[in-house]
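Q: This is the structure, below, for whatever I ask next.
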Amino acid sequence: KQPEIKYVFGSYEELIQLEEIEAIYLPLPTNIRFEFALKSLQAGKHILVEKPATVDEQQAATLLNLAKEKNLMIMDGTMW
């Protein structure tokens with residue numbers, strides 16, 4: 001049996017806007033990771049972010065504060 005592919009996206013913006021999606025994995029290059037993490041949180045999505053999650057403390061604080069305000073989770077993809 002072939003797996004059903006329900007969606008195909010041309011961009012992260014399209015993925016972020018889909019209401020059915022509750023969480024987003026962001027394996028993006030470090031220099032654009034913050035932009036899409038912020039957009040995802042603003043859209044009400046939980047995020048799993050590869051490390052480093054941000055390039056500086058200010059970006060990290062922005063994401064953490066927004067996640068707390070919206071009752072969302074930020075998880076980092078640290079492997080042990």
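Note on naming: chains are A, B, ... as they come in the structure tokens, residues start from 1 per chain, ligands start from 1 in the order shown.
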Running DSSP on the backbone, which parts of chain A land in strand (DSSP E or B), as a PyMOL selection string?
A: chain A and resi 23-26+46-49+74-76
Q: If you keep N, CA and C atoms, can you produce a file of those selected residues as a short mmCIF file (atom, residue, chain, number, x, y, z; two decimals), in the first residue's frame?
A:
data_model
loop_
_atom_site.label_atom_id
_atom_site.label_comp_id
_atom_site.auth_asym_id
_atom_site.auth_seq_id
_atom_site.Cartn_x
_atom_site.Cartn_y
_atom_site.Cartn_z
N ALA A 23 2.90 21.53 15.30
CA ALA A 23 4.31 21.72 15.63
C ALA A 23 5.13 21.68 14.35
N ILE A 24 6.24 22.42 14.38
CA ILE A 24 7.09 22.52 13.20
C ILE A 24 8.53 22.25 13.58
N TYR A 25 9.19 21.42 12.76
CA TYR A 25 10.61 21.12 12.91
C TYR A 25 11.38 22.10 12.02
N LEU A 26 12.37 22.77 12.59
CA LEU A 26 13.14 23.79 11.87
C LEU A 26 14.61 23.39 11.76
N HIS A 46 4.02 24.96 18.07
CA HIS A 46 5.16 24.51 18.87
C HIS A 46 6.31 24.33 17.90
N ILE A 47 7.55 24.46 18.37
CA ILE A 47 8.68 24.30 17.46
C ILE A 47 9.76 23.40 18.04
N LEU A 48 10.38 22.65 17.14
CA LEU A 48 11.59 21.89 17.43
C LEU A 48 12.68 22.53 16.58
N VAL A 49 13.67 23.11 17.23
CA VAL A 49 14.69 23.89 16.56
C VAL A 49 16.04 23.20 16.70
N ILE A 74 9.07 25.28 23.01
CA ILE A 74 10.24 25.32 22.16
C ILE A 74 11.14 24.17 22.62
N MET A 75 11.50 23.31 21.69
CA MET A 75 12.40 22.21 22.01
C MET A 75 13.63 22.35 21.12
N ASP A 76 14.79 22.06 21.67
CA ASP A 76 15.96 22.12 20.80
C ASP A 76 16.41 20.72 20.48
#
Q: Hey, which of A:Asn71, A:Asn65, A:Ser40, A:Thr54 ends up closest to Leu18 in chain A? Count only C-alpha atoms.
A: A:Ser40
Q: Just to confirm, what's the straight-line distance from CA of Leu38 in chain A to CA of Val8 in chain A in Å (one decimal)?
A: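 Separating CA of Leu38 in chain A from CA of Val8 in chain A is a distance of 22.0 Å.
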Q: Using the chain letters and numbers from this document, which residues of range 10-40 of chain A does DSSP assign to helix (DSSP H, G or I), as number ranges by chain?
A: A: 12-17, 30-40
Q: How would the residues just picked look written out with C-alpha atoms as an mmCIF file, in the first residue's frame?
A:
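What ended up in part-v3.cif:
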data_model
loop_
_atom_site.group_PDB
_atom_site.id
_atom_site.type_symbol
_atom_site.label_atom_id
_atom_site.label_comp_id
_atom_site.auth_asym_id
_atom_site.auth_seq_id
_atom_site.Cartn_x
_atom_site.Cartn_y
_atom_site.Cartn_z
ATOM 1 C CA TYR A 12 7.891 27.181 5.261
ATOM 2 C CA GLU A 13 5.397 30.071 5.088
ATOM 3 C CA GLU A 14 2.820 27.712 3.549
ATOM 4 C CA LEU A 15 3.476 25.098 6.227
ATOM 5 C CA ILE A 16 3.234 27.624 9.051
ATOM 6 C CA GLN A 17 -0.151 28.884 7.860
ATOM 7 C CA THR A 30 21.366 29.214 11.587
ATOM 8 C CA ASN A 31 21.136 32.600 9.876
ATOM 9 C CA ILE A 32 17.425 32.129 8.988
ATOM 10 C CA ARG A 33 16.316 29.908 11.859
ATOM 11 C CA PHE A 34 15.151 32.777 14.098
ATOM 12 C CA GLU A 35 12.916 34.255 11.379
ATOM 13 C CA PHE A 36 10.984 31.033 10.909
ATOM 14 C CA ALA A 37 10.942 30.172 14.611
ATOM 15 C CA LEU A 38 9.366 33.564 15.291
ATOM 16 C CA LYS A 39 6.823 33.184 12.465
ATOM 17 C CA SER A 40 5.931 29.695 13.705
#
